[in-house]
$ cat run.cif   # mmCIF, C-alpha atoms
data_coords
loop_
_atom_site.label_atom_id
_atom_site.label_comp_id
_atom_site.auth_asym_id
_atom_site.auth_seq_id
_atom_site.Cartn_x
_atom_site.Cartn_y
_atom_site.Cartn_z
CA MET F 41 87.48 94.86 98.55
CA ALA F 42 85.90 93.20 95.52
CA GLY F 43 82.21 92.83 94.74
CA PRO F 44 80.84 89.28 95.08
CA ASN F 45 81.08 87.24 91.93
CA GLY F 46 78.18 84.80 91.43
CA ALA F 47 75.19 83.63 93.48
CA LEU F 48 77.07 81.69 96.16
CA ALA F 49 79.48 84.58 96.66
CA ALA F 50 76.55 86.98 96.93
CA LEU F 51 74.96 84.81 99.63
CA GLU F 52 78.26 84.56 101.48
CA TYR F 53 78.69 88.32 101.29
CA ALA F 54 75.15 88.94 102.55
CA VAL F 55 75.85 86.81 105.62
CA LYS F 56 79.43 87.82 106.39
CA LYS F 57 79.50 91.51 105.53
CA PRO F 58 77.13 92.76 108.25
CA ILE F 59 78.69 90.62 111.00
CA TRP F 60 82.40 90.54 110.20
CA GLY F 61 82.87 93.25 107.58
CA CYS F 62 83.75 90.63 104.94
CA GLN F 63 85.98 92.00 102.16
CA MET F 64 85.46 88.98 99.84
CA CYS F 65 89.12 87.92 99.71
CA GLY F 66 87.89 84.42 98.83
CA GLN F 67 90.29 82.72 101.26
CA CYS F 68 88.64 83.13 104.63
CA VAL F 69 90.70 82.65 107.82
CA LEU F 70 88.11 84.20 110.15
CA HIS F 71 87.77 81.15 112.40
CA SER F 72 91.51 81.02 113.10
CA THR F 73 91.78 84.72 113.97
CA GLY F 74 89.23 84.85 116.78
CA MET F 75 86.35 85.52 114.37
CA THR F 76 87.98 88.87 113.52
CA CYS F 77 88.59 89.52 109.83
CA PRO F 78 92.25 90.46 109.23
CA MET F 79 91.34 91.89 105.83
CA ASN F 80 89.83 94.83 107.74
CA CYS F 81 93.36 95.78 108.81
CA PRO F 82 94.36 98.71 106.56
CA LYS F 83 97.59 96.82 105.84
CA THR F 84 95.64 93.54 105.37
CA LEU F 85 98.03 91.76 107.73
CA ARG F 86 97.21 88.07 108.05
CA ASN F 87 100.02 87.08 110.42
CA GLY F 88 99.60 89.32 113.43
CA PRO F 89 99.65 92.99 114.45
CA CYS F 90 102.09 95.53 113.01
CA GLY F 91 104.32 97.56 115.29
CA GLY F 92 102.20 100.69 115.02
CA VAL F 93 99.32 99.79 117.33
CA ARG F 94 98.48 102.75 119.59
CA PRO F 95 98.79 102.40 123.39
CA ASP F 96 94.99 102.25 123.72
CA GLY F 97 94.84 99.35 121.26
CA THR F 98 93.54 101.37 118.32
CA CYS F 99 94.85 101.29 114.77
CA GLU F 100 97.83 103.35 113.59
CA VAL F 101 95.99 104.24 110.38
CA LYS F 102 92.42 104.60 111.68
CA PRO F 103 92.51 105.84 115.28
CA GLU F 104 88.73 105.36 115.55
CA MET F 105 89.09 101.61 114.98
CA ARG F 106 90.43 99.00 117.43
CA CYS F 107 93.31 97.04 115.92
CA VAL F 108 91.85 93.87 114.41
CA TRP F 109 94.75 91.89 115.81
CA VAL F 110 94.25 93.23 119.34
CA LYS F 111 90.69 91.91 119.03
CA ALA F 112 91.84 88.65 117.44
CA VAL F 113 94.34 87.95 120.22
CA GLU F 114 91.67 88.63 122.85
CA ARG F 115 89.00 86.51 121.22
CA ALA F 116 90.96 83.57 119.80
CA PRO F 117 91.39 81.75 123.14
CA LYS F 118 87.60 81.59 123.46
CA THR F 119 87.21 79.73 120.15
CA PRO F 120 87.65 75.98 119.49
CA TRP F 121 90.49 76.88 117.11
CA ALA F 122 92.56 78.80 119.66
CA HIS F 123 95.95 77.40 118.60
CA GLU F 124 95.41 78.32 114.97
CA ILE F 125 96.02 82.00 115.63
CA ASN F 126 99.75 81.34 115.30
CA ASP F 127 99.40 79.61 111.93
CA LEU F 128 101.81 80.95 109.35
CA ARG F 129 99.38 82.14 106.68
CA PRO F 130 100.61 82.25 103.10
CA PRO F 131 100.31 85.35 100.91
CA VAL F 132 96.83 86.16 99.61
CA ASP F 133 96.04 84.73 96.17
CA ASN F 134 94.81 87.89 94.49
CA ARG F 135 92.91 85.91 91.84
CA LEU F 136 90.39 84.84 94.45
CA TRP F 137 88.99 88.30 95.31
CA GLY F 138 85.22 88.31 94.91
CA THR F 139 84.89 84.52 94.78
CA SER F 140 83.15 82.45 97.43
CA SER F 141 85.51 81.27 100.16
CA TRP F 142 82.97 78.54 100.97
CA ARG F 143 83.43 77.05 97.53
CA ASN F 144 87.20 77.57 97.71
CA PHE F 145 87.25 75.77 101.06
CA PHE F 146 85.40 72.70 99.77
CA THR F 147 87.45 72.52 96.58
CA LYS F 148 90.65 73.18 98.65
CA ARG F 149 91.45 75.98 96.22
CA ASP F 150 92.08 78.29 99.18
CA ARG F 151 94.93 76.09 100.40
CA LEU F 152 96.80 76.08 97.11
CA THR F 153 100.15 77.85 97.63
CA PRO F 154 102.93 78.71 95.16
CA LYS F 155 105.66 76.07 94.71
CA GLY F 156 108.25 78.31 96.29
CA TRP F 157 106.22 78.70 99.49
CA ARG F 158 108.11 76.26 101.67
CA VAL F 159 106.94 76.89 105.21
CA SER F 160 104.11 74.87 106.66
CA ALA F 161 101.36 76.48 108.72
CA MET M 234 128.92 84.72 105.95
CA SER M 235 128.24 88.39 106.79
CA ARG M 236 130.23 90.09 109.53
CA LEU M 237 127.03 90.48 111.54
CA GLU M 238 126.19 86.80 111.21
CA ASP M 239 129.75 85.88 112.13
CA ALA M 240 129.76 88.11 115.24
CA LEU M 241 126.42 86.75 116.41
CA ALA M 242 127.46 83.16 115.77
CA ALA M 243 130.55 83.77 117.91
CA ARG M 244 128.23 85.29 120.56
CA ARG M 245 130.10 88.59 120.43
CA PHE M 246 128.18 91.67 121.50
CA VAL M 247 127.10 93.51 118.34
CA VAL M 248 126.44 97.15 117.60
CA THR M 249 124.40 98.25 114.60
CA ALA M 250 123.29 101.75 113.68
CA GLU M 251 120.67 103.27 111.47
CA LEU M 252 121.99 105.39 108.62
CA LEU M 253 120.33 108.77 108.31
CA THR M 254 118.23 108.92 105.16
CA VAL M 255 120.07 109.83 101.95
CA ASN M 256 118.54 111.79 99.09
CA ALA M 257 121.44 113.08 97.05
CA GLY M 258 125.14 113.88 97.15
CA GLY M 259 126.81 110.66 95.98
CA LEU M 260 129.01 108.34 98.01
CA GLU M 261 130.36 111.27 100.02
CA ALA M 262 126.89 111.93 101.42
CA VAL M 263 126.71 108.31 102.56
CA ARG M 264 130.21 108.38 104.04
CA GLU M 265 129.67 111.52 106.12
CA ARG M 266 126.62 109.91 107.73
CA PHE M 267 128.40 106.86 109.15
CA ALA M 268 131.91 108.32 109.57
CA PRO M 269 131.39 109.49 113.21
CA TYR M 270 130.54 105.97 114.44
CA GLU M 271 132.17 103.73 111.83
CA ASP M 272 134.67 102.25 114.29
CA TRP M 273 131.98 100.91 116.59
CA VAL M 274 129.45 99.25 114.33
CA ASP M 275 129.29 95.74 112.93
CA ALA M 276 126.72 96.80 110.35
CA VAL M 277 124.65 99.80 109.33
CA ASN M 278 120.95 99.74 108.40
CA ALA M 279 119.92 101.24 105.08
CA THR M 280 116.32 102.26 105.71
CA ASP M 281 113.41 101.82 103.31
CA ASN M 282 111.47 105.07 102.91
CA THR M 283 111.19 105.65 106.64
CA SER M 284 107.86 106.98 107.90
CA ALA M 285 106.60 106.64 104.32
CA HIS M 286 108.80 109.46 103.02
CA ALA M 287 110.66 108.71 99.77
CA HIS M 288 114.47 108.60 99.87
CA ALA M 289 117.25 106.87 97.94
CA SER M 290 116.31 103.17 97.83
CA PRO M 291 117.66 100.74 100.43
CA LEU M 292 119.35 98.61 97.75
CA ALA M 293 121.12 101.66 96.28
CA VAL M 294 122.26 102.81 99.72
CA SER M 295 123.32 99.26 100.69
CA ILE M 296 125.49 99.03 97.57
CA ALA M 297 127.01 102.42 98.43
CA LEU M 298 127.77 101.25 101.99
CA LYS M 299 129.44 98.12 100.67
CA GLN M 300 131.54 100.15 98.25
CA LEU M 301 132.64 102.29 101.19
CA GLY M 302 133.66 99.23 103.21
CA VAL M 303 130.75 99.20 105.65
CA GLU M 304 128.51 96.20 106.00
CA PRO M 305 124.88 97.01 105.23
CA VAL M 306 121.66 95.68 106.72
CA MET M 307 119.16 96.27 103.94
CA GLN M 308 115.71 97.05 105.28
CA LEU M 309 112.80 96.03 103.10
CA THR M 310 109.19 96.97 103.75
CA CYS M 311 105.96 95.66 102.27
CA ARG M 312 104.32 99.07 101.90
CA ASP M 313 105.62 100.12 98.48
CA ARG M 314 106.22 96.91 96.53
CA ASN M 315 104.30 93.83 95.51
CA ARG M 316 105.86 90.38 95.83
CA ILE M 317 107.50 90.53 92.40
CA ALA M 318 109.26 93.80 93.23
CA LEU M 319 110.30 92.44 96.65
CA GLU M 320 111.80 89.36 94.99
CA ALA M 321 113.67 91.62 92.58
CA GLU M 322 115.15 93.61 95.49
CA ILE M 323 116.26 90.45 97.30
CA ALA M 324 117.77 89.00 94.11
CA GLY M 325 119.48 92.36 93.51
CA ALA M 326 120.88 92.29 97.04
CA GLY M 327 122.14 88.75 96.47
CA LEU M 328 123.78 89.85 93.23
CA HIS M 329 125.78 92.49 95.12
CA GLY M 330 126.67 90.19 98.01
CA ILE M 331 124.37 92.01 100.43
CA GLU M 332 123.41 89.33 102.93
CA ASN M 333 121.73 91.03 105.88
CA ILE M 334 118.11 91.78 105.07
CA CYS M 335 115.69 93.14 107.64
CA CYS M 336 112.06 92.46 106.69
CA LEU M 337 109.42 94.90 107.91
CA THR M 338 105.75 95.55 107.35
CA GLY M 339 106.39 99.29 107.12
CA ASP M 340 104.61 102.39 108.39
CA ASP M 341 101.40 103.15 106.56
CA VAL M 342 101.42 105.68 103.70
CA THR M 343 99.35 108.01 105.90
CA ALA M 344 102.41 108.47 108.15
CA GLY M 345 104.25 110.17 105.29
CA ASP M 346 104.20 113.29 103.16
CA GLU M 347 102.34 111.59 100.30
CA PRO M 348 99.35 110.10 102.11
CA GLU M 349 97.43 109.94 98.83
CA ALA M 350 99.74 107.16 97.58
CA ARG M 351 98.47 103.61 97.04
CA ARG M 352 99.51 101.30 99.86
CA VAL M 353 100.60 97.88 98.64
CA PHE M 354 101.07 95.34 101.47
CA ASP M 355 100.86 92.45 99.00
CA LEU M 356 102.86 90.49 101.61
CA ASP M 357 103.30 91.04 105.34
CA SER M 358 106.65 91.00 107.12
CA ILE M 359 106.33 87.33 108.05
CA GLN M 360 105.51 86.29 104.49
CA LEU M 361 108.43 88.44 103.31
CA LEU M 362 110.76 86.56 105.67
CA ALA M 363 109.46 83.24 104.34
CA LEU M 364 109.98 84.50 100.79
CA GLY M 365 113.57 85.50 101.65
CA ALA M 366 114.16 82.08 103.21
CA SER M 367 112.86 80.43 100.05
CA MET M 368 115.16 82.52 97.85
CA ALA M 369 118.09 81.61 100.08
CA GLN M 370 117.22 78.00 99.29
CA GLY M 371 117.33 78.73 95.59
CA THR M 372 113.82 79.46 94.34
CA TYR M 373 111.55 82.40 93.72
CA LEU M 374 108.03 82.16 95.15
CA SER M 375 106.80 80.54 91.94
CA GLY M 376 109.33 77.73 92.34
CA ARG M 377 111.51 79.08 89.52
CA LYS M 378 115.21 78.43 90.18
CA LEU M 379 117.66 81.01 91.45
CA ASP M 380 121.10 79.58 90.79
CA PRO M 381 123.35 79.95 92.69
CA ALA M 382 121.11 80.63 95.67
CA PRO M 383 122.15 83.84 97.46
CA HIS M 384 123.50 83.52 100.98
CA LEU M 385 121.15 85.62 103.11
CA PHE M 386 121.08 86.49 106.80
CA LEU M 387 117.46 87.40 107.42
CA GLY M 388 116.05 89.47 110.22
CA ALA M 389 113.02 91.49 111.19
CA VAL M 390 111.74 93.90 113.80
CA GLU M 391 109.45 93.36 116.75
CA ASN M 392 107.97 96.06 118.94
CA PRO M 393 107.88 95.28 122.68
CA GLY M 394 106.22 98.66 123.26
CA ALA M 395 102.96 98.28 121.31
CA PRO M 396 99.80 96.34 122.15
CA PRO M 397 98.95 93.51 122.32
CA TYR M 398 101.96 93.39 124.66
CA ASP M 399 101.50 89.79 125.78
CA TYR M 400 101.43 88.58 122.18
CA ARG M 401 104.68 90.18 120.98
CA VAL M 402 106.96 87.29 121.92
CA GLU M 403 104.63 84.81 120.21
CA ARG M 404 104.72 86.95 117.11
CA ALA M 405 108.51 87.05 117.31
CA LEU M 406 108.55 83.24 117.53
CA LYS M 407 106.46 83.18 114.38
CA LYS M 408 109.06 85.36 112.67
CA VAL M 409 111.71 82.84 113.68
CA ARG M 410 109.65 80.04 112.12
CA ALA M 411 109.45 82.12 108.96
CA GLY M 412 113.24 82.52 108.82
CA ALA M 413 114.36 85.41 111.05
CA ARG M 414 117.82 85.01 112.59
CA PHE M 415 118.01 88.44 114.21
CA LEU M 416 115.38 90.86 115.51
CA GLN M 417 116.11 94.55 115.88
CA LEU M 418 113.58 95.58 118.52
CA GLN M 419 111.73 98.84 118.01
CA VAL M 420 112.93 101.80 120.08
CA SER M 421 111.38 101.78 123.52
CA PHE M 422 111.44 104.61 126.03
CA GLU M 423 109.66 102.38 128.54
CA PRO M 424 112.30 100.14 130.11
CA GLN M 425 109.69 98.03 131.88
CA ARG M 426 108.14 97.01 128.54
CA LEU M 427 111.50 95.92 127.14
CA ALA M 428 112.31 94.07 130.37
CA ALA M 429 108.96 92.22 130.26
CA PHE M 430 109.53 91.26 126.61
CA MET M 431 113.07 90.04 127.29
CA SER M 432 112.11 87.98 130.31
CA GLU M 433 109.35 86.27 128.29
CA ALA M 434 111.85 85.85 125.42
CA VAL M 435 114.23 84.00 127.74
CA ARG M 436 111.42 81.90 129.25
CA THR M 437 110.11 80.79 125.84
CA ARG M 438 113.66 80.24 124.49
CA LEU M 439 113.10 82.88 121.84
CA ALA M 440 116.37 84.47 122.90
CA GLU M 441 118.25 81.25 122.09
CA GLN M 442 116.79 80.99 118.61
CA VAL M 443 117.28 84.53 117.39
CA ALA M 444 119.59 87.43 118.21
CA LEU M 445 117.60 90.11 120.04
CA ILE M 446 118.91 93.62 119.50
CA PRO M 447 117.04 96.46 121.27
CA SER M 448 117.14 99.90 119.66
CA ILE M 449 118.15 103.09 121.40
CA CYS M 450 117.22 106.47 119.98
CA LEU M 451 119.41 109.52 120.61
CA VAL M 452 117.73 112.88 120.46
CA ARG M 453 118.99 116.36 121.31
CA SER M 454 115.90 118.06 122.67
CA PRO M 455 112.79 117.37 124.73
CA GLY M 456 110.83 118.69 121.72
CA ALA M 457 112.13 115.80 119.65
CA LEU M 458 110.96 113.35 122.33
CA ARG M 459 107.53 114.96 122.26
CA TYR M 460 107.48 114.72 118.45
CA ILE M 461 108.34 111.01 118.57
CA ASP M 462 105.64 110.40 121.16
CA GLU M 463 103.01 112.17 119.07
CA HIS M 464 104.02 111.28 115.53
CA VAL M 465 105.96 108.03 115.36
CA PRO M 466 103.57 105.06 115.21
CA GLY M 467 104.17 102.47 117.91
CA ILE M 468 106.52 104.49 120.15
CA THR M 469 105.41 105.97 123.46
CA VAL M 470 107.59 108.41 125.39
CA PRO M 471 106.47 108.69 129.01
CA GLN M 472 105.52 112.23 130.03
CA GLU M 473 107.85 112.10 133.08
CA LEU M 474 110.79 111.44 130.80
CA ILE M 475 110.01 114.44 128.61
CA GLU M 476 109.52 116.65 131.67
CA ARG M 477 112.78 115.45 133.20
CA CYS M 478 114.61 116.51 130.03
CA GLU M 479 112.82 119.87 129.97
CA ARG M 480 113.62 120.61 133.62
CA GLY M 481 117.29 119.66 133.45
CA PRO M 482 119.83 122.53 133.53
CA ASP M 483 121.04 121.44 130.10
CA PRO M 484 118.19 119.73 128.20
CA GLU M 485 120.49 118.42 125.46
CA HIS M 486 122.77 116.83 128.02
CA GLU M 487 119.78 115.39 129.88
CA CYS M 488 118.48 113.78 126.66
CA PHE M 489 121.86 112.15 126.12
CA ASP M 490 121.87 110.88 129.72
CA VAL M 491 118.43 109.36 129.18
CA ALA M 492 119.63 107.51 126.06
CA CYS M 493 122.69 106.22 127.95
CA GLU M 494 120.52 105.01 130.82
CA LEU M 495 118.14 103.23 128.47
CA ALA M 496 121.08 101.65 126.63
CA GLU M 497 122.70 100.58 129.91
CA HIS M 498 119.42 99.03 131.02
CA ALA M 499 118.86 97.25 127.70
CA ARG M 500 122.38 95.86 127.72
CA SER M 501 121.93 94.50 131.24
CA LEU M 502 118.92 92.36 130.31
CA PRO M 503 119.56 88.62 129.94
CA GLY M 504 119.26 87.49 126.34
CA VAL M 505 120.24 90.78 124.70
CA ALA M 506 122.70 90.19 121.84
CA GLY M 507 123.64 93.77 121.06
CA LEU M 508 122.34 97.28 120.54
CA HIS M 509 120.91 99.09 117.54
CA LEU M 510 121.58 102.84 117.72
CA ILE M 511 119.59 105.55 116.01
CA SER M 512 120.42 109.23 115.88
CA PHE M 513 118.59 111.83 113.83
CA ARG M 514 121.57 114.14 113.51
CA ARG M 515 124.94 114.02 111.83
CA GLU M 516 126.99 114.09 114.98
CA ALA M 517 129.08 112.00 117.26
CA GLY M 518 126.27 110.94 119.65
CA ILE M 519 126.44 107.25 118.76
CA ALA M 520 130.20 107.09 119.32
CA ARG M 521 129.85 109.05 122.57
CA LEU M 522 127.20 106.65 123.81
CA CYS M 523 129.43 103.67 123.04
CA GLN M 524 132.30 105.33 124.91
CA ARG M 525 130.09 106.16 127.89
CA LEU M 526 128.98 102.51 128.07
CA GLU M 527 132.59 101.38 127.61
CA ILE M 528 131.70 99.30 124.56
CA PRO M 529 134.99 98.57 122.79
CA THR M 530 135.35 99.38 119.10
CA ARG M 531 134.52 96.67 116.59
CA ALA M 532 138.18 95.82 116.01
CA GLU M 533 138.74 95.48 119.76
CA ARG M 534 135.62 93.35 120.14
CA GLU M 535 136.79 91.05 117.38
CA MET M 536 140.22 90.72 118.95
CA SER M 537 139.11 90.20 122.51
CA GLY M 538 135.94 88.23 121.72
CA TYR M 539 133.94 90.78 123.76
CA ARG M 540 130.91 88.73 124.81
CA ARG M 541 127.38 89.62 125.61
CA PRO M 542 127.68 90.86 129.19
CA VAL M 543 124.97 88.56 130.54
CA ALA M 544 124.65 84.95 129.43
CA VAL M 545 121.19 83.49 128.79
#

$ encode --input "run.cif" --output "structure tokens"
Amino acid sequence: MAGPNGALAALEYAVKKPIWGCQMCGQCVLHSTGMTCPMNCPKTLRNGPCGGVRPDGTCEVKPEMRCVWVKAVERAPKTPWAHEINDLRPPVDNRLWGTSSWRNFFTKRDRLTPKGWRVSA
Amino acid sequence: MSRLEDALAARRFVVTAELLTVNAGGLEAVRERFAPYEDWVDAVNATDNTSAHAHASPLAVSIALKQLGVEPVMQLTCRDRNRIALEAEIAGAGLHGIENICCLTGDDVTAGDEPEARRVFDLDSIQLLALGASMAQGTYLSGRKLDPAPHLFLGAVENPGAPPYDYRVERALKKVRAGARFLQLQVSFEPQRLAAFMSEAVRTRLAEQVALIPSICLVRSPGALRYIDEHVPGITVPQELIERCERGPDPEHECFDVACELAEHARSLPGVAGLHLISFRREAGIARLCQRLEIPTRAEREMSGYRRPVAV
């Protein structure tokens, strides 16, 4: 979690924190994961649930929390972006923490991947 | 080509085992851990700080296994290393001719004896697979060249026994897209969960694209089963199973019977490419299980071309 950096980021944070628990990773994938933020997973997993999910669907690390991926898998089919849940998401760019993902979306900065990242979504 | 890759390509039934953790004692300590089952296995997994407890590193143990003439499967988790350190481990494996790499997310630090440690998870298991696939094609993540490119046989783990159950095969398919060629399935004490996963794996053609290897865990007491149920993330042991072992005239024998039954069941499922065997003691349980199931030794399997008992 990084504090918002700049006015646009502060606005984004004010909107997204109360509803989705936004962590300000600056490369938002919320819409493709059933409007469930994967950065709330203690392991920050962006490509699906780990193998430690408890039988009741709660988190291995925080038993009081439902696994974000259990929620994502439930909710994704109800969104217009249902098929995107299986996208192969690249590693987080750690330079973007605290920046506005809205800006990074419009500038396409959030889709910039390292040269050696060869798989497509 | 690794022996494991070769056996799977020839569609021979494979047996892998998980080496007990090593902390000290030199090569002899490594040898005494695999010696009881050496004749049966195609490869042995060198674990990566299992349950978030520190041990000798998987690369160090993999090198030791290779020196002792046993083929390693180097496990690599995302919990303790950022992407640079993970690349270094994979390059190091390549340098030593270690080809089989099993990419895992890893148990959380809170599962271990140093829960105050920083958790890393800079990558997840799927990104780690894609990174390994990239290195096998001759570049680091940055695009910087790795010449010659290491030959790697990449794999991962999937857990048929943890929610969201219906999503596990899809997640496994994603691992295949990222570069997995084999999947060692997490231990399951619930045969119906494994059966459901395997039937979906056959239906979706997952089983044709990747070698599926269910894990069987050998324990010696009902108490150990109870411990696994309560303390190992992602594994459920049904109460009836624990009670059956407690009630039996010889609980240790009953536990062994349970493992054999689970192994027999797993082997009978269409699409299963082999078995991964885990025992928490230095004893002959793994070899005894193979004998009970009439699985020939590795040398015999190679000679006779012992196939997977059920074709997909």

$ residues_around --input "run.cif" --residues "Leu253 (chain M)" --least-positions-apart "4" --cutoff "9 Å" --atoms "all atoms listed in the file" --output "PyMOL selection string"
chain M and resi 263+266-267+279-280+511-515

$ resolve_selection --input "run.cif" --expression "the PyMOL selection byres ((chain F and resi 115-128) around 10)" --output "MDAnalysis selection string"
(chainID F and resid 69:76 86:88 109:114 129:131 159:161) or (chainID M and resid 359:360 363 403:404 406:408 410:411)

$ interface_residues --input "run.cif" --of "chain F" --to "chain M" --cutoff "6 Å" --atoms "only C-alpha atoms" --output "MDAnalysis selection string"
chainID F and resid 83 85 91:94 97 110 131 154:157

$ atom_distance --input "run.cif" --atom1 "CA of Glu473 (chain M)" --atom2 "CA of Ser454 (chain M)"
14.4 Å

$ resolve_selection --input "run.cif" --expression "the PyMOL selection byres ((chain M and resi 522) around 12)" --output "number ranges by chain"
M: 248, 250, 269-270, 273, 449-452, 486, 488-497, 508-512, 516-521, 523-530

$ residues_around --input "run.cif" --residues "region 502-505 of chain M" --least-positions-apart "6" --cutoff "12 Å" --atoms "only C-alpha atoms" --output "MDAnalysis selection string"
chainID M and resid 241 244:248 415:418 424:448 495:496 540:545

$ closest_residue --input "run.cif" --among "M:Glu423, M:Leu301, M:Gly330, M:Leu385" --to "Gly259 (chain M)" --atoms "all atoms listed in the file"
M:Leu301

$ atom_distance --input "run.cif" --atom1 "CA of Ala326 (chain M)" --atom2 "CA of Val255 (chain M)"
18.2 Å

$ atom_distance --input "run.cif" --atom1 "CA of Pro482 (chain M)" --atom2 "CA of His498 (chain M)"
23.6 Å

$ residues_near_point --input "run.cif" --point "(76.3, 88.4, 99.1)" --cutoff "12 Å" --atoms "only C-alpha atoms" --output "PyMOL selection string"
chain F and resi 42-58+61-64+138-141

$ closest_residue --input "run.cif" --among "M:Asp272, M:Gly325, M:Tyr460, M:Glu261" --to "Leu292 (chain M)" --atoms "all atoms listed in the file"
M:Gly325

$ resolve_selection --input "run.cif" --expression "the PyMOL selection byres ((chain M and resi 293) around 12)" --output "PyMOL selection string"
chain M and resi 254-257+259-260+263+279-281+288-292+294-300+305+307-308+322+325-326+329+331

$ closest_residue --input "run.cif" --among "F:Pro82, F:Trp60, F:Cys90, F:Val132" --to "Thr153 (chain F)" --atoms "only C-alpha atoms"
F:Val132

$ closest_residue --input "run.cif" --among "F:Thr84, F:Thr98, F:Asn134, F:Gln67" --to "Arg151 (chain F)" --atoms "only C-alpha atoms"
F:Gln67

$ closest_residue --input "run.cif" --among "F:Cys68, F:Met79, F:Val101, F:Ile59" --to "His464 (chain M)" --atoms "only C-alpha atoms"
F:Val101

$ decode --input "run.cif" --residues "region 440-493 of chain M" --atoms "C-alpha atoms" --output "compact mmCIF listing (two decimals), in the first residue's frame"
# COMPACT_ATOMS: atom_id res chain seq x y z
CA ALA M 440 -4.64 -33.81 -19.26
CA GLU M 441 -3.33 -33.97 -22.84
CA GLN M 442 -1.37 -30.75 -22.52
CA VAL M 443 0.36 -31.32 -19.21
CA ALA M 444 1.39 -34.32 -17.12
CA LEU M 445 -0.89 -34.54 -14.08
CA ILE M 446 0.76 -36.14 -11.06
CA PRO M 447 -1.38 -36.45 -7.89
CA SER M 448 0.44 -36.47 -4.55
CA ILE M 449 0.01 -39.08 -1.85
CA CYS M 450 1.08 -38.41 1.70
CA LEU M 451 2.21 -41.24 3.98
CA VAL M 452 1.81 -40.72 7.68
CA ARG M 453 2.29 -43.08 10.61
CA SER M 454 -0.35 -41.92 13.06
CA PRO M 455 -3.89 -40.54 13.19
CA GLY M 456 -2.39 -37.62 15.14
CA ALA M 457 -0.34 -36.67 12.10
CA LEU M 458 -3.50 -36.71 9.97
CA ARG M 459 -5.19 -34.44 12.49
CA TYR M 460 -2.16 -32.12 12.44
CA ILE M 461 -2.26 -31.89 8.63
CA ASP M 462 -5.97 -31.16 8.70
CA GLU M 463 -5.54 -28.37 11.24
CA HIS M 464 -2.21 -26.86 10.26
CA VAL M 465 -1.39 -27.42 6.60
CA PRO M 466 -3.02 -24.73 4.45
CA GLY M 467 -5.20 -26.10 1.67
CA ILE M 468 -5.42 -29.74 2.84
CA THR M 469 -8.55 -31.19 4.42
CA VAL M 470 -8.55 -34.63 6.05
CA PRO M 471 -12.09 -35.94 6.47
CA GLN M 472 -13.00 -36.71 10.08
CA GLU M 473 -14.16 -40.25 9.16
CA LEU M 474 -10.72 -41.02 7.80
CA ILE M 475 -9.00 -39.90 10.99
CA GLU M 476 -11.47 -41.88 13.10
CA ARG M 477 -11.01 -44.98 10.97
CA CYS M 478 -7.26 -44.82 11.61
CA GLU M 479 -7.79 -44.27 15.33
CA ARG M 480 -10.20 -47.20 15.65
CA GLY M 481 -8.09 -49.68 13.71
CA PRO M 482 -6.34 -52.43 15.74
CA ASP M 483 -3.00 -51.08 14.50
CA PRO M 484 -3.32 -47.34 13.76
CA GLU M 485 0.05 -47.17 11.98
CA HIS M 486 -0.94 -50.02 9.69
CA GLU M 487 -4.33 -48.43 9.08
CA CYS M 488 -2.68 -45.13 8.05
CA PHE M 489 -0.52 -47.01 5.55
CA ASP M 490 -3.60 -48.79 4.17
CA VAL M 491 -5.32 -45.43 3.72
CA ALA M 492 -2.35 -44.07 1.74
CA CYS M 493 -2.30 -47.20 -0.45
